[in-house]
Amino acid sequence: MKILTLNFLMCARKACKSSSDAFPLHPRDVELEIVETDINPLFIRNILPRVEWAALRAMCNELGLPQLSETQPSCTDLFSTENLDPDATDSEPTQTLRDLHNLLVQTCIMEGKLVCGNCGHEYAIKEGIANFLLPSHMV
Amino acid sequence: MEFLVRLVQVHEAFREAELRALAELTGIHLEILEYRADSPFCVVRLDSVSSARALISRAIIAHGIYELWGHGKNYESLHEDVKSRSAHFWKLYETVSFRFKVESYQGKRSSSEHRQIINSFEYVGFKGPIMMTGADQSFMVFEEYNLTESKPKNLWFGRLVGKSDREAITKYDLKKRNYISTTSMDAELALVTANLALAAPGKIFFDPFMGTGGFPVACAHYGAHVLGSDIDGRSIRGKGGKQSVLGNFQQYHLTSYYVDGWTSDLTNTPLRVRTGQSGRRGTLDGIVCDPPYGVREGLKVLGRRDGRENDGPVVVDGELAHNRDGFIFPKRPYSFDAMLEDICDFAALMLVDGGRLSMWMPTANEDDKHLSIPSHPCLFLVSECIQPFNRWSRRLLTYQRLKGSDTVEWQPKVREGPNGRAHASDLNEFRKKYFEGFREFDYNGQPKQKSRRG
Ligand SMILES: C[S@@+](CC[C@H](N)C(=O)[O-])C[C@H]1O[C@@H](n2cnc3c(N)ncnc32)[C@H](O)[C@@H]1O
Ligand SMILES: [Zn+2]
């Protein structure tokens, strides 16, 4: 499961939906892996405004990954020229873009658990696939 | 400028919706001048040749698009039209290599007739070499016949400017795919679904019922990044290796687009609704799905059939049973109509403004008159495409999230109480009819093969 995906997910329980503690989920006993993936500047540019930066920073902290800047980079930080068209040949990806790609798309949790900070429920991740099914008393 | 689209005479009800979706996707102004369900020829107005090429390059239910040089009901009027409409083009192609072909729809011509027809265009004055393959330019005479008549009723002459993406159907053919299931959508309609939902590079798409990943693969073919989930984790994992959702992405060299797949029930989804100062903010650019019809597999959601959800956790050997390997999460039957409404609610919460939901819905034919298409105050029904079978049909419903609809007040439906507890057949009109009547047809509407297992 990619760090990007984790930024979109919270506890699946209806009872936790309104709690600010149910997002982000807390990784526990995790095995991380870098899965090499082609960099896609257009995708990063489109997805960046949808990322919750504070939650991403917290996630990096918990996983012991390099600390992120306090403020969320903006789309202009992704390319070295004024040209924001990622298909344009003169829009060289910046280090910020490469770092974001590495963190959001290439860093994956292969094994471990995700724990809800509100109800304490644990979701298992096996072979990179998380299981968000709930036992019936939690539905 | 006018262009002739050479459509394919299949899935007629999807063709116009596909063209309009591709026009929206490419930002091209499309005016459909002539279209008939019983004809593969469609005349459109577009601003340029490059627009025509861009429009058709992703089409699935079309072969190609032609710059229209003339139309007539017979050869006399065709030639007259070509002379008055396209004389200014002729000089441009005087010296290039070219190919000239006649295609008769629902009619037949001998090769000597072909030659005669081609020769009758001599006046355009092309002097370049004629090449059957690899020519710079292809010119086409299209004849349309009524089945029973020997003379064509419509003639068009045009220059090929762009080919469709129909070859993708062969590339993604289920027969050659490593990992499929009985409910995998055929490649052609999965690709059309991705087109109607406007899958495109840079976007993020989601299939909440991903099964073997047929729709996510189709969306990734068009450069979208994809997420998927399924209540049955085994369908995502498959047998592992090649025979898994990931294996399918590997087969087509699309792994860069496969963001993640996880196990979850759509009615208890972990996807989070993002909120900011100005309210809800969308996360997904598109949602594509074929919800469980409850024909092969009963439609299920988390919970207990007997409603004893409050019994509390079970502890085995000092450990919570649901945290142990192999725990089976109890599921209960659910109503298909409720599921469709839940999908609309979910789409209204998760889509960005302008984002699309394309979902399939089966119906028994006799239902047609009082059929209710789900609706939602934040979603606008863009198109409804019907694929008819003998005894049932299925529809591809495509919705678009309305811009500014965040101010619309609505509440996601909360479902509690006994309506979810009955037998699945009581909950799902379609499923009931299926078991009552048209069992002889399989999931894709084909007559069932005799099973060897009996
Ligand atoms: C019609 S199949 C989709 C097949 C898929 N398009 C493919 O290419 O394989 C429906 C899928 O929905 C899943 N499903 C059933 N109930 C569900 C629920 N409540 N939430 C999520 N998925 C569910 C089933 O496990 C099944 O894989
Ligand atoms: Zn929780």
# chains A, B, ... in the order shown; residues from 1 in each chain; ligands from 1
>>> interface_residues(of="chain B", to="chain A", cutoff="6 Å", atoms="only C-alpha atoms", output="MDAnalysis selection string")
chainID B and resid 202 256 262:264 268:272 303 309:310 312 329
>>> residues_near_ligand(ligand="ligand 1", cutoff="8 Å", atoms="only C-alpha atoms and all ligand atoms", output="ChimeraX atom specification")
/B:180-185,208-215,229-233,235,263-267,289-293,297-302,339
>>> select_by_dssp(residues="region 182-310 of chain B", states="strand (DSSP E or B)", output="number ranges by chain")
B: 204-207, 225-230, 240, 243, 258-263, 271, 274-276, 279-281, 284-289, 300-302
>>> select_by_dssp(residues="region 111-341 of chain B", states="alpha helix (DSSP H)", output="number ranges by chain")
B: 111-119, 167-171, 187-196, 214-221, 233-237, 245-251, 336-341
>>> residues_around(residues="Thr363 (chain B)", least_positions_apart="6", cutoff="8 Å", atoms="only C-alpha atoms", output="list in words")
Trp392, Ser393, Arg394, Arg395 and Phe430 of chain B
